[in-house]
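To keep things clear, I will list the structure first and then write my remarks on it.
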Amino acid sequence: ARSYHPDSGHAPMSIWSISETIFCLCFGAEMACRLYAYRREFFLVDEWMWNLLDLSLVVMQILDQIIQLCSLFDLPVNVTVMRIARLVRLTRITRMVRVLRLFDELRTIVKSMSKSLSALFWAMLLLLIAIYIFSIIFMQTVMVSPQAMSSQDLQYWFGSLLRTILTMFECIVGGVGWDHVVQPLITEVSPFMGFIFSVYI
């Protein structure tokens with residue numbers, strides 16, 4: 001078989017190569033400890049498929065590191081082995097599966113959020129209906145009030161349906177202090193409007 005001998009004068013190992021080697025050693029040590037502790041049970045437990053995936057990833061990572069070290073020290077490497085190494089590097093993406101399966105809490109949170117979307121939708125719909133109803137009440141009350149035409153505050157906050165809806169939305173989300181909105185209603189329309197506005201809030 002032909003052999004591959006890289007050119008001399010390779011650049012020193014980068015920080016990424018060093019960190020990858022360190023991770024490889026950590027994963028290899030972890031796998032060795034698990035194999036020593038479980039022995040045959042490593043392949044017989046309920047999660048044996050995950051264990052087999054972990055073992056395969058660690059073995060491929062060690063093989064990749066060995067080939068990189070051979071290239072670094074100008075050692076001849078078989079061409080077929082180099083091609084296999086390139087394919088092995090493509091399998092690194094499967095390491096994400098090894099990491100993601102450890103986040104059981106994250107999976108639980110995401111599942112809980114997805115289950116609560118329907119309740120959130122109906123709650124938002126109920127809130128929009130309440131805003132719409134109270135907006136019509138306040139706008140109609142302001143329109144029939146004799147002082148409405150001469151009050152700039154009432155015209156600004158309740159001059160149209162869309163403006164009134166925006167005003168009511170801003171009052172409950174902190175976009176505007178609702179005391180500034182209800183004050184012209186109390187002084188220029190009726191003190192009873194303050195009570196209705198408090199019920200809305």
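Chain identifiers are assigned as A, B, and so on, following the order in which chains appear in the structure tokens; residues are numbered from 1 within each chain, and ligands are numbered from 1 in order of appearance.
Neighbouring residues of region 134-143 of chain A at 8 Å or closer, counting only C-alpha atoms and skipping chain neighbours under 5 positions away, are Ala148, Leu154, Phe158, Gly159, Ser160, Leu161, Thr164, Ile165, Met168, Leu185, Val189 and Tyr200 of chain A.
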Save the residues we just selected, C-alpha atoms, as a PDB file, in the first residue's frame?
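The file below, selection32.pdb, is the result:
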```pdb
ATOM      1  CA  ALA A 148     -64.517  66.213  25.294  1.00  0.00           C
ATOM      2  CA  LEU A 154     -59.294  63.475  26.302  1.00  0.00           C
ATOM      3  CA  PHE A 158     -59.518  58.649  23.619  1.00  0.00           C
ATOM      4  CA  GLY A 159     -59.845  60.433  20.281  1.00  0.00           C
ATOM      5  CA  SER A 160     -60.398  57.269  18.214  1.00  0.00           C
ATOM      6  CA  LEU A 161     -60.914  53.556  18.729  1.00  0.00           C
ATOM      7  CA  THR A 164     -58.108  54.239  22.859  1.00  0.00           C
ATOM      8  CA  ILE A 165     -57.047  50.594  22.445  1.00  0.00           C
ATOM      9  CA  MET A 168     -55.601  50.882  27.408  1.00  0.00           C
ATOM     10  CA  LEU A 185     -61.757  61.319  32.865  1.00  0.00           C
ATOM     11  CA  VAL A 189     -66.274  63.577  32.539  1.00  0.00           C
ATOM     12  CA  TYR A 200     -60.189  47.582  34.269  1.00  0.00           C
TER      13      TYR A 200
END
```
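Residues in contact with His180 (chain A) at up to 10 Å, not including ones fewer than 5 positions away on its chain and judged by only C-alpha atoms, are Asp153, Trp157, Cys171 and Leu185 of chain A.
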Atom pair CA of Ala32 (chain A) / CA of Leu55 (chain A): separation (Å): 9.5 Å
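One distance worth recording is that between CA of Val181 (chain A) and CA of Thr167 (chain A), which is 8.0 Å.
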